[in-house]
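Enquirer: Sharing final35.cif below, mmCIF, C-alpha atoms and all ligand atoms:
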```cif
data_final
loop_
_atom_site.label_atom_id
_atom_site.label_comp_id
_atom_site.auth_asym_id
_atom_site.auth_seq_id
_atom_site.Cartn_x
_atom_site.Cartn_y
_atom_site.Cartn_z
CA MET A 1 87.69 45.33 206.78
CA LYS A 2 90.59 46.13 204.46
CA ASN A 3 93.78 44.06 204.79
CA PHE A 4 96.64 45.77 206.60
CA ALA A 5 100.17 44.95 207.71
CA TYR A 6 100.65 44.35 211.45
CA SER A 7 103.70 44.66 213.66
CA ARG A 8 104.25 44.56 217.43
CA PRO A 9 107.61 46.18 218.23
CA ALA A 10 109.05 45.57 221.68
CA ASP A 11 110.69 48.97 222.08
CA LEU A 12 109.74 52.59 221.58
CA THR A 13 112.38 53.48 219.01
CA ALA A 14 111.29 50.68 216.69
CA ALA A 15 107.63 51.58 217.28
CA THR A 16 108.06 55.29 216.44
CA GLU A 17 110.03 54.38 213.33
CA ALA A 18 107.34 51.94 212.17
CA ALA A 19 104.48 54.30 213.10
CA SER A 20 106.00 57.17 211.08
CA ALA A 21 105.40 55.46 207.73
CA ASP A 22 102.57 56.88 205.59
CA GLY A 23 99.19 55.18 206.09
CA THR A 24 100.17 53.72 209.47
CA ARG A 25 98.11 53.85 212.68
CA ILE A 26 98.93 52.99 216.28
CA ILE A 27 96.88 50.46 218.25
CA ALA A 28 97.04 49.90 222.02
CA GLY A 29 94.03 48.18 223.69
CA GLY A 30 92.16 48.30 220.38
CA THR A 31 88.72 49.07 221.86
CA THR A 32 88.26 52.14 219.65
CA MET A 33 90.60 51.20 216.82
CA VAL A 34 89.15 47.75 216.03
CA ASP A 35 85.63 49.23 215.93
CA LEU A 36 86.71 51.89 213.44
CA LEU A 37 88.51 49.33 211.27
CA LYS A 38 85.49 47.05 211.22
CA ILE A 39 83.06 49.79 210.20
CA GLY A 40 85.44 51.10 207.54
CA VAL A 41 85.97 54.56 209.05
CA LEU A 42 89.72 53.98 209.27
CA ASN A 43 91.52 52.02 206.57
CA PRO A 44 95.24 52.04 207.41
CA GLU A 45 97.91 50.31 205.36
CA ALA A 46 99.60 49.16 208.55
CA LEU A 47 98.98 48.93 212.28
CA VAL A 48 101.73 49.26 214.86
CA ASP A 49 100.69 47.54 218.07
CA ILE A 50 102.41 49.20 221.04
CA SER A 51 100.96 46.87 223.68
CA GLY A 52 104.23 44.94 224.00
CA ILE A 53 106.34 47.95 225.04
CA THR A 54 106.81 47.27 228.73
CA ASP A 55 108.34 50.73 229.37
CA LEU A 56 104.88 52.24 228.83
CA ARG A 57 103.25 50.23 231.61
CA GLY A 58 102.91 51.06 235.27
CA TYR A 59 102.09 54.18 237.24
CA ASP A 60 103.12 55.99 240.41
CA VAL A 61 100.92 58.16 242.62
CA SER A 62 103.20 58.23 245.65
CA SER A 63 105.28 61.34 244.90
CA ASP A 64 104.42 65.02 244.35
CA ARG A 65 103.85 64.28 240.68
CA MET A 66 101.50 61.51 239.56
CA ARG A 67 102.73 59.57 236.55
CA PHE A 68 100.72 57.11 234.49
CA GLY A 69 102.37 55.09 231.74
CA ALA A 70 100.33 55.27 228.53
CA LEU A 71 99.62 51.54 228.67
CA SER A 72 98.18 51.67 232.21
CA MET A 73 94.76 50.04 232.09
CA MET A 74 91.61 52.05 232.83
CA SER A 75 90.39 49.38 235.28
CA THR A 76 93.66 49.05 237.20
CA VAL A 77 94.04 52.79 237.76
CA GLY A 78 90.35 53.48 238.38
CA ASP A 79 90.10 50.76 241.05
CA ASP A 80 93.39 51.50 242.83
CA PRO A 81 92.72 52.45 246.49
CA ASP A 82 95.65 54.90 246.49
CA VAL A 83 94.23 56.71 243.44
CA ILE A 84 90.75 56.73 244.97
CA ALA A 85 92.11 58.30 248.17
CA ALA A 86 94.43 60.82 246.51
CA PHE A 87 92.24 61.89 243.61
CA PRO A 88 88.60 60.71 243.64
CA ALA A 89 87.68 62.58 240.42
CA LEU A 90 90.33 60.74 238.43
CA SER A 91 89.21 57.35 239.67
CA GLU A 92 85.50 58.19 239.14
CA SER A 93 86.11 59.44 235.59
CA LEU A 94 87.55 56.02 234.75
CA TRP A 95 85.04 53.74 236.41
CA LYS A 96 82.09 55.77 235.10
CA ALA A 97 83.40 55.19 231.55
CA ALA A 98 82.49 52.36 229.18
CA SER A 99 81.97 48.90 230.76
CA PRO A 100 84.09 46.64 233.01
CA GLN A 101 85.10 44.50 230.02
CA LEU A 102 86.21 47.54 228.03
CA ARG A 103 88.04 49.06 230.99
CA ASN A 104 89.97 45.81 231.38
CA ALA A 105 91.24 46.11 227.79
CA ALA A 106 91.53 49.87 227.30
CA THR A 107 94.61 51.96 228.06
CA LEU A 108 94.87 55.51 229.38
CA GLY A 109 96.82 56.60 226.29
CA GLY A 110 94.11 55.22 224.00
CA ASN A 111 91.40 56.74 226.15
CA ILE A 112 92.62 60.32 225.76
CA LEU A 113 92.98 59.81 222.00
CA GLN A 114 89.64 58.09 221.38
CA HIS A 115 87.66 59.27 218.37
CA THR A 116 84.36 61.11 218.30
CA ARG A 117 81.10 59.17 218.54
CA CYS A 118 79.34 61.52 216.08
CA PRO A 119 76.96 59.08 214.34
CA TYR A 120 77.74 60.54 210.92
CA TYR A 121 81.49 60.09 211.41
CA ARG A 122 80.90 56.43 212.30
CA ASP A 123 78.52 55.66 209.42
CA THR A 124 80.17 55.64 206.01
CA ALA A 125 76.72 55.68 204.37
CA TYR A 126 76.88 59.43 205.02
CA ALA A 127 79.20 61.00 202.48
CA GLN A 128 79.35 64.34 204.30
CA CYS A 129 81.76 64.33 207.19
CA ASN A 130 84.67 66.75 207.18
CA LYS A 131 86.36 64.83 209.96
CA ARG A 132 86.31 61.50 208.10
CA SER A 133 86.57 62.91 204.61
CA PRO A 134 88.02 66.47 204.55
CA GLY A 135 86.05 68.94 202.45
CA SER A 136 82.97 66.70 202.13
CA GLY A 137 80.65 68.78 204.35
CA CYS A 138 79.01 68.03 207.66
CA ALA A 139 75.86 65.91 207.82
CA ALA A 140 75.12 67.14 211.36
CA LEU A 141 75.22 70.81 210.36
CA GLU A 142 73.39 70.20 207.10
CA GLY A 143 70.04 69.29 208.64
CA GLY A 144 71.15 66.29 210.70
CA GLU A 145 70.45 65.21 214.26
CA THR A 146 72.48 67.32 216.72
CA THR A 147 71.42 66.19 220.19
CA LEU A 148 74.80 64.50 220.75
CA HIS A 149 76.93 67.40 219.57
CA ALA A 150 79.13 70.11 221.06
CA ILE A 151 77.89 73.49 222.24
CA LEU A 152 81.38 74.83 223.02
CA GLY A 153 84.32 74.98 220.63
CA GLY A 154 82.54 73.83 217.47
CA SER A 155 83.04 75.40 214.06
CA SER A 156 81.16 75.78 210.80
CA SER A 157 83.01 72.63 209.63
CA CYS A 158 82.37 70.31 212.58
CA VAL A 159 80.41 70.28 215.83
CA ALA A 160 81.43 66.81 217.02
CA LYS A 161 81.91 66.51 220.76
CA TYR A 162 84.95 65.03 222.44
CA PRO A 163 83.47 61.88 224.00
CA GLY A 164 85.83 60.74 226.78
CA ASP A 165 85.58 61.22 230.55
CA PHE A 166 89.16 60.96 231.86
CA ALA A 167 90.35 63.93 229.76
CA GLN A 168 88.13 66.41 231.61
CA VAL A 169 90.02 65.63 234.80
CA LEU A 170 93.36 66.01 233.05
CA VAL A 171 92.53 69.38 231.50
CA ALA A 172 91.19 70.78 234.79
CA PHE A 173 94.21 69.72 236.83
CA ASP A 174 97.03 70.88 234.51
CA ALA A 175 98.15 67.48 233.26
CA GLU A 176 100.93 67.05 230.73
CA VAL A 177 101.66 64.23 228.32
CA THR A 178 105.12 63.04 227.44
CA THR A 179 105.69 61.70 223.96
CA GLN A 180 108.33 60.08 221.82
CA GLY A 181 108.38 60.61 218.10
CA PRO A 182 110.80 60.59 215.19
CA GLY A 183 112.05 64.00 216.39
CA GLY A 184 112.75 62.80 219.94
CA THR A 185 110.85 63.26 223.19
CA ARG A 186 108.70 66.19 224.24
CA THR A 187 106.20 67.29 226.88
CA ILE A 188 102.86 68.75 225.85
CA ALA A 189 100.43 70.55 228.16
CA PHE A 190 97.27 68.44 228.08
CA ALA A 191 95.24 71.58 227.30
CA GLN A 192 97.26 71.91 224.05
CA LEU A 193 97.05 68.26 222.96
CA HIS A 194 93.63 68.38 221.27
CA ARG A 195 92.98 70.89 218.49
CA LEU A 196 89.76 72.83 218.03
CA PRO A 197 88.09 71.71 214.80
CA GLY A 198 88.31 75.05 212.94
CA ASP A 199 88.32 74.27 209.23
CA THR A 200 90.50 71.15 209.68
CA PRO A 201 88.47 68.87 211.96
CA HIS A 202 90.28 65.79 210.62
CA ILE A 203 93.44 66.94 212.46
CA GLU A 204 92.44 66.20 216.05
CA THR A 205 95.68 66.58 217.99
CA VAL A 206 99.08 68.24 217.76
CA LEU A 207 100.82 64.85 217.61
CA GLU A 208 103.11 64.31 214.63
CA PRO A 209 102.98 61.11 212.53
CA GLY A 210 104.65 58.34 214.51
CA GLU A 211 104.57 60.27 217.79
CA ILE A 212 103.57 58.00 220.66
CA VAL A 213 102.17 59.19 223.98
CA THR A 214 104.41 57.58 226.57
CA ALA A 215 102.94 58.90 229.85
CA ILE A 216 100.48 61.27 231.48
CA GLU A 217 101.68 63.36 234.42
CA LEU A 218 99.94 65.59 236.94
CA PRO A 219 101.33 67.81 239.70
CA MET A 220 99.78 66.84 243.07
CA ILE A 221 97.68 69.75 244.35
CA PRO A 222 95.36 70.05 247.36
CA ALA A 223 92.20 70.41 245.22
CA MET A 224 92.65 66.80 244.08
CA THR A 225 91.66 65.43 247.49
CA ASN A 226 88.28 67.20 247.47
CA SER A 227 87.26 66.31 243.94
CA THR A 228 84.54 64.50 242.04
CA TYR A 229 83.47 63.57 238.54
CA LEU A 230 79.75 63.96 237.90
CA LYS A 231 78.38 62.48 234.68
CA ALA A 232 74.85 62.91 233.28
CA ARG A 233 73.95 60.35 230.63
CA ASP A 234 71.03 58.49 229.11
CA ARG A 235 71.65 55.36 231.22
CA GLU A 236 73.36 55.05 234.58
CA SER A 237 76.11 52.89 233.08
CA TYR A 238 77.68 52.09 229.73
CA ALA A 239 76.82 55.43 228.10
CA PHE A 240 78.80 58.45 227.01
CA ALA A 241 78.28 61.76 228.83
CA SER A 242 75.52 64.11 227.77
CA ALA A 243 77.21 66.56 230.13
CA SER A 244 79.82 66.00 232.80
CA ALA A 245 82.05 67.95 235.15
CA ALA A 246 85.35 67.17 236.82
CA VAL A 247 85.59 69.42 239.86
CA GLY A 248 88.13 69.92 242.65
CA VAL A 249 88.12 72.48 245.46
CA GLU A 250 90.66 73.75 247.98
CA MET A 251 89.26 75.90 250.78
CA ASP A 252 91.00 78.58 252.83
CA GLY A 253 88.80 78.67 255.91
CA ASP A 254 85.32 79.53 254.66
CA THR A 255 86.35 80.70 251.20
CA VAL A 256 87.55 79.00 248.03
CA ARG A 257 91.33 79.21 247.53
CA ASP A 258 91.56 77.04 244.40
CA VAL A 259 88.93 75.41 242.22
CA ARG A 260 89.17 73.33 239.04
CA ILE A 261 86.33 72.68 236.60
CA GLY A 262 86.61 70.52 233.46
CA LEU A 263 83.59 70.00 231.21
CA GLY A 264 82.73 66.87 229.25
CA GLY A 265 80.03 65.84 226.78
CA VAL A 266 79.50 69.45 225.72
CA ALA A 267 82.64 70.60 223.90
CA SER A 268 84.67 69.68 220.85
CA VAL A 269 87.81 69.21 222.97
CA PRO A 270 88.41 68.59 226.69
CA TRP A 271 87.22 71.92 228.12
CA ARG A 272 88.32 73.91 231.14
CA ALA A 273 85.79 76.40 232.52
CA THR A 274 88.22 79.05 233.71
CA ALA A 275 85.70 81.93 233.95
CA ALA A 276 83.50 79.74 236.15
CA GLU A 277 86.53 78.88 238.30
CA ASP A 278 87.39 82.59 238.66
CA SER A 279 83.84 83.41 239.74
CA LEU A 280 84.27 81.16 242.80
CA LYS A 281 87.73 82.11 244.03
CA GLY A 282 87.86 84.04 247.31
CA LYS A 283 84.17 83.44 248.03
CA PRO A 284 82.22 81.01 250.22
CA LEU A 285 81.07 77.91 248.35
CA THR A 286 77.33 78.48 248.63
CA GLU A 287 74.61 76.93 246.51
CA GLU A 288 74.04 80.33 244.90
CA ALA A 289 77.76 80.62 243.98
CA ALA A 290 77.78 77.07 242.59
CA ARG A 291 74.74 77.75 240.41
CA GLU A 292 76.25 81.02 239.18
CA ALA A 293 79.47 79.17 238.29
CA GLY A 294 77.39 76.67 236.31
CA ARG A 295 75.70 79.52 234.45
CA ILE A 296 79.03 81.20 233.67
CA ALA A 297 80.52 77.92 232.41
CA PHE A 298 78.01 77.98 229.54
CA GLN A 299 77.66 81.73 228.91
CA ASP A 300 79.54 81.45 225.60
CA ALA A 301 77.78 78.27 224.43
CA GLU A 302 76.62 78.14 220.82
CA PRO A 303 74.04 75.38 220.72
CA LEU A 304 72.13 74.05 217.75
CA GLU A 305 68.44 73.27 218.00
CA GLY A 306 69.08 69.68 219.07
CA SER A 307 71.81 70.47 221.59
CA ALA A 308 70.25 73.52 223.32
CA TYR A 309 69.17 71.36 226.28
CA LYS A 310 72.84 71.00 227.23
CA ILE A 311 73.10 74.57 228.51
CA LYS A 312 70.82 73.92 231.48
CA LEU A 313 71.95 70.32 231.90
CA GLY A 314 75.62 71.32 231.86
CA ALA A 315 75.07 74.20 234.31
CA ASP A 316 73.20 71.88 236.67
CA VAL A 317 75.99 69.28 236.45
CA VAL A 318 78.66 71.88 237.30
CA ALA A 319 76.64 73.15 240.27
CA GLY A 320 75.83 69.59 241.34
CA ALA A 321 79.49 68.56 241.26
CA LEU A 322 80.55 71.61 243.31
CA LEU A 323 77.86 70.94 245.90
CA GLN A 324 78.79 67.26 246.01
CA VAL A 325 82.37 68.22 246.85
CA LYS A 326 81.11 70.67 249.48
CA THR A 327 79.02 67.92 251.08
CA ARG A 328 82.00 65.57 251.10
CA MET A 329 84.23 68.21 252.70
CA GLY A 330 81.58 68.85 255.35
CA ALA A 331 81.45 65.16 256.14
CA GLU A 332 85.19 64.92 256.85
C1 LIG A 401 80.80 50.64 223.66
C2 LIG A 401 81.83 51.62 224.15
C3 LIG A 401 81.48 52.51 225.17
C4 LIG A 401 82.44 53.41 225.63
N1 LIG A 401 82.10 54.30 226.62
C5 LIG A 401 83.02 55.21 227.05
C6 LIG A 401 82.70 56.16 228.06
O1 LIG A 401 81.59 56.20 228.60
N2 LIG A 401 83.67 57.04 228.43
C7 LIG A 401 84.93 57.03 227.90
O2 LIG A 401 85.78 57.83 228.28
N3 LIG A 401 85.24 56.14 226.92
C8 LIG A 401 84.32 55.26 226.50
N4 LIG A 401 84.64 54.38 225.50
C9 LIG A 401 85.93 54.52 224.83
C10 LIG A 401 86.99 53.67 225.47
O3 LIG A 401 87.28 54.16 226.75
C11 LIG A 401 88.19 53.76 224.52
O4 LIG A 401 87.87 52.95 223.41
C12 LIG A 401 89.47 53.30 225.13
O5 LIG A 401 89.82 54.03 226.27
C13 LIG A 401 90.59 53.41 224.09
O6 LIG A 401 91.76 52.83 224.62
P1 LIG A 401 92.50 51.69 223.80
O7 LIG A 401 93.74 51.39 224.53
O8 LIG A 401 91.59 50.56 223.51
O9 LIG A 401 92.84 52.51 222.47
P2 LIG A 401 92.92 52.06 220.95
O10 LIG A 401 91.58 51.68 220.46
O11 LIG A 401 94.01 51.08 220.76
O12 LIG A 401 93.37 53.45 220.30
C14 LIG A 401 92.53 54.59 220.33
C15 LIG A 401 93.21 55.72 219.57
O13 LIG A 401 94.35 56.15 220.28
C16 LIG A 401 95.55 56.00 219.50
N5 LIG A 401 96.54 55.58 220.48
C17 LIG A 401 96.39 54.63 221.45
N6 LIG A 401 97.44 54.64 222.28
C18 LIG A 401 98.29 55.60 221.83
C19 LIG A 401 99.54 56.10 222.30
N7 LIG A 401 100.12 55.64 223.41
N8 LIG A 401 100.14 57.09 221.58
C20 LIG A 401 99.57 57.59 220.45
N9 LIG A 401 98.37 57.15 219.98
C21 LIG A 401 97.74 56.19 220.67
C22 LIG A 401 95.19 55.01 218.44
O14 LIG A 401 95.96 55.21 217.26
C23 LIG A 401 93.72 55.32 218.21
O15 LIG A 401 93.60 56.43 217.35
C24 LIG A 401 83.73 53.43 225.06
C25 LIG A 401 84.07 52.52 224.05
C26 LIG A 401 83.14 51.63 223.60
C27 LIG A 401 83.53 50.67 222.51
S1 LIG A 402 79.95 67.01 213.31
FE1 LIG A 402 82.07 66.58 212.62
S2 LIG A 402 82.23 64.38 212.83
FE2 LIG A 402 80.03 64.84 212.78
S3 LIG A 402 79.40 64.78 210.61
FE3 LIG A 402 80.00 66.87 211.06
S4 LIG A 402 82.16 66.93 210.40
FE4 LIG A 402 81.64 64.78 210.71
#
```
Let me see the structure of the file written as structure tokens.
Expert:
Amino acid sequence: MKNFAYSRPADLTAATEAASADGTRIIAGGTTMVDLLKIGVLNPEALVDISGITDLRGYDVSSDRMRFGALSMMSTVGDDPDVIAAFPALSESLWKAASPQLRNAATLGGNILQHTRCPYYRDTAYAQCNKRSPGSGCAALEGGETTLHAILGGSSSCVAKYPGDFAQVLVAFDAEVTTQGPGGTRTIAFAQLHRLPGDTPHIETVLEPGEIVTAIELPMIPAMTNSTYLKARDRESYAFASASAAVGVEMDGDTVRDVRIGLGGVASVPWRATAAEDSLKGKPLTEEAAREAGRIAFQDAEPLEGSAYKIKLGADVVAGALLQVKTRMGAE
């Protein structure tokens, strides 16, 4: 690991000022960042540790707008009985992620900004990785292993998948993030936070240098109550998603009034399946409709040889999540 300067400011203004300097990176829980420092993928001149900024802690799910400070811990939020009751998908997306030890150290802000797990990005023995080293090529696309890669949103420069779980819930339920940077504060729709790779896959978000995510907010909507997060993965715990779906449904009698579907493990950014949502609105939530929504969610997929299996897997996960919610609603 290369030597770097380290500071731990106690307030946001000092932190944004320090984090704006060239070659500086932000660290919160450190569960992604320390890994990437150790394996030489990131080599910052300086780290600004934001974990001491008390204003970024705490969360509130009691009003008509949920608010989570960026330093809220994955474990605390995921295990909170009020969160479980109000929004099962959000809680499930957190406790199905990583391991208990990691969830006890990792923050929500760090979780949404975690880096890809593309094996070529994380192994500096591979020279070709446009995300790690712009303009160097892409080892995955140039004959590499692609079973872990994206089938939605990729480009000819990068097909890395966005790895997290929590973000699929946020994109499906119209979350926003608030930030503070050198230019002041702003609110960003969560769907706009992550950038598609295009020909600049090394620029992953719209955040400016030194801009710190301060909180994540969500409007309370009825579809949150009847929601779930279904995750298909190699092992039942401690594994990233091969395909996942965050789903929430609001019924109007026998037909669907509102439905939300976020896809994980299959796309280069947190992905909302709006065409699949539209296919369900105003109709009964039958098994046939759920399977058709799953098919529609992947109708524009562009798989590689290794990732083609994700079309059926992803469609089955979407249908499975919808039917799981239906079963839960029937049991009420
Ligand atoms: C073995 C392993 C398995 C895992 N499995 C899963 C899984 O199944 N599902 C899943 O979702 N995640 C998984 N993770 C990822 C884990 O959830 C993340 O590492 C964690 O959430 C990151 O949070 P952190 O606070 O530790 O972030 P850090 O490591 O401190 O930071 C992560 C990134 O976010 C930036 N950052 C952090 N906070 C802010 C902020 N407030 N404003 C601006 N930038 C910020 C940092 O600069 C860095 O780029 C796994 C991780 C490991 C190591
Ligand atoms: S898919 Fe993206 S992250 Fe992976 S090697 Fe190619 S450019 Fe790098």
Enquirer: Report the closest atom pair, with its distance in Å rounded to one decimal, for each residue of chain A that has an atom no farther than 8 Å from ligand LIG 401 (chain A); count only C-alpha atoms and all ligand atoms, sort by chain and then rising residue number, and write it as a Markdown table.
Expert:
```
| residue | atom | partner | partner_atom | distance |
| --- | --- | --- | --- | --- |
| A:Arg25 | CA | A:LIG401 | O14 | 5.2 |
| A:Ile26 | CA | A:LIG401 | O14 | 3.8 |
| A:Ile27 | CA | A:LIG401 | O11 | 3.9 |
| A:Ala28 | CA | A:LIG401 | O11 | 3.5 |
| A:Gly29 | CA | A:LIG401 | O7 | 3.3 |
| A:Gly30 | CA | A:LIG401 | O11 | 3.4 |
| A:Thr31 | CA | A:LIG401 | O8 | 3.6 |
| A:Thr32 | CA | A:LIG401 | O10 | 3.4 |
| A:Met33 | CA | A:LIG401 | O10 | 3.8 |
| A:Val34 | CA | A:LIG401 | O10 | 6.4 |
| A:Asp35 | CA | A:LIG401 | C27 | 7.1 |
| A:Ile50 | CA | A:LIG401 | N7 | 7.2 |
| A:Leu56 | CA | A:LIG401 | N7 | 8.0 |
| A:Ala70 | CA | A:LIG401 | N7 | 5.1 |
| A:Leu71 | CA | A:LIG401 | N7 | 6.7 |
| A:Met73 | CA | A:LIG401 | O7 | 7.7 |
| A:Met74 | CA | A:LIG401 | O5 | 7.1 |
| A:Ser93 | CA | A:LIG401 | O2 | 7.5 |
| A:Leu94 | CA | A:LIG401 | O2 | 6.9 |
| A:Lys96 | CA | A:LIG401 | O1 | 6.5 |
| A:Ala97 | CA | A:LIG401 | O1 | 3.6 |
| A:Ala98 | CA | A:LIG401 | N1 | 3.2 |
| A:Ser99 | CA | A:LIG401 | C3 | 6.7 |
| A:Leu102 | CA | A:LIG401 | C10 | 6.7 |
| A:Arg103 | CA | A:LIG401 | O3 | 6.7 |
| A:Ala105 | CA | A:LIG401 | O8 | 6.2 |
| A:Ala106 | CA | A:LIG401 | O8 | 3.9 |
| A:Thr107 | CA | A:LIG401 | O7 | 3.7 |
| A:Leu108 | CA | A:LIG401 | O5 | 6.1 |
| A:Gly109 | CA | A:LIG401 | N7 | 4.5 |
| A:Gly110 | CA | A:LIG401 | O9 | 3.4 |
| A:Asn111 | CA | A:LIG401 | O5 | 3.1 |
| A:Ile112 | CA | A:LIG401 | O5 | 6.9 |
| A:Leu113 | CA | A:LIG401 | O13 | 4.3 |
| A:Gln114 | CA | A:LIG401 | C15 | 4.7 |
| A:His115 | CA | A:LIG401 | O15 | 6.7 |
| A:Pro163 | CA | A:LIG401 | O2 | 6.3 |
| A:Gly164 | CA | A:LIG401 | O2 | 3.3 |
| A:Asp165 | CA | A:LIG401 | O2 | 4.1 |
| A:Phe166 | CA | A:LIG401 | O2 | 5.8 |
| A:Ala167 | CA | A:LIG401 | O2 | 7.8 |
| A:Thr179 | CA | A:LIG401 | N8 | 7.6 |
| A:Leu207 | CA | A:LIG401 | C20 | 7.9 |
| A:Gly210 | CA | A:LIG401 | C20 | 7.9 |
| A:Glu211 | CA | A:LIG401 | C20 | 6.3 |
| A:Ile212 | CA | A:LIG401 | N8 | 3.7 |
| A:Val213 | CA | A:LIG401 | N8 | 3.8 |
| A:Thr214 | CA | A:LIG401 | N7 | 5.7 |
| A:Ala215 | CA | A:LIG401 | N7 | 7.7 |
| A:Ser237 | CA | A:LIG401 | O1 | 7.8 |
| A:Tyr238 | CA | A:LIG401 | O1 | 5.8 |
| A:Ala239 | CA | A:LIG401 | O1 | 4.9 |
| A:Phe240 | CA | A:LIG401 | O1 | 3.9 |
| A:Ala241 | CA | A:LIG401 | O1 | 6.5 |
```
Enquirer: As a PyMOL selection string, please: the residues near A:Val169 (cut-off 9 Å, all atoms listed in the file, same-chain neighbours under 6 positions excluded).
Expert: chain A and resi 89-90+93+175+229+245-247+260-263+270
Enquirer: As an exercise, work out the distance from atom CA of A:Tyr121 to atom CA of A:Ala297 in Å and give it to one decimal place.
Expert: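 If I compute the distance from atom CA of A:Tyr121 to atom CA of A:Ala297, I get 27.6 Å.
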Enquirer: Please return as a compact mmCIF listing (two decimals) with C-alpha atoms, in the coordinates of the input the residues found within 8 Å of ligand LIG 402 (chain A), counting all atoms listed in the file.
Expert:
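The result, stored in pocket.txt:
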```txt
# COMPACT_ATOMS: atom_id res chain seq x y z
CA THR A 116 84.36 61.11 218.30
CA ARG A 117 81.10 59.17 218.54
CA CYS A 118 79.34 61.52 216.08
CA PRO A 119 76.96 59.08 214.34
CA TYR A 120 77.74 60.54 210.92
CA TYR A 121 81.49 60.09 211.41
CA GLN A 128 79.35 64.34 204.30
CA CYS A 129 81.76 64.33 207.19
CA ASN A 130 84.67 66.75 207.18
CA LYS A 131 86.36 64.83 209.96
CA ARG A 132 86.31 61.50 208.10
CA GLY A 137 80.65 68.78 204.35
CA CYS A 138 79.01 68.03 207.66
CA ALA A 139 75.86 65.91 207.82
CA ALA A 140 75.12 67.14 211.36
CA LEU A 141 75.22 70.81 210.36
CA HIS A 149 76.93 67.40 219.57
CA SER A 157 83.01 72.63 209.63
CA CYS A 158 82.37 70.31 212.58
CA VAL A 159 80.41 70.28 215.83
CA ALA A 160 81.43 66.81 217.02
CA LYS A 161 81.91 66.51 220.76
CA PRO A 201 88.47 68.87 211.96
```
Enquirer: Within 10 Å of A:Thr13, counting only C-alpha atoms, which residues show up once you throw out same-chain ones fewer than 5 positions away? Write them as a VMD selection string, please.
Expert: chain A and resid 18 to 19 180 to 182 184
Enquirer: List every protein, DNA or RNA residue with an atom no more than 9 Å from (96.8, 69.3, 237.2) in the file's coordinates, counting only C-alpha atoms, and format the result as a list in words.
Expert: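 Every polymer residue passing the test: Val169, Leu170, Val171, Ala172, Phe173, Asp174, Ala175, Glu176, Glu217, Leu218, Pro219, Met220, Ile221, Met224 and Arg260 of chain A.
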Enquirer: Measuring atom to atom with all atoms listed in the file, identify which of A:Leu152, A:Ile53, A:Val77, A:Ala223 is nearest to A:Asn104.
Expert: A:Val77
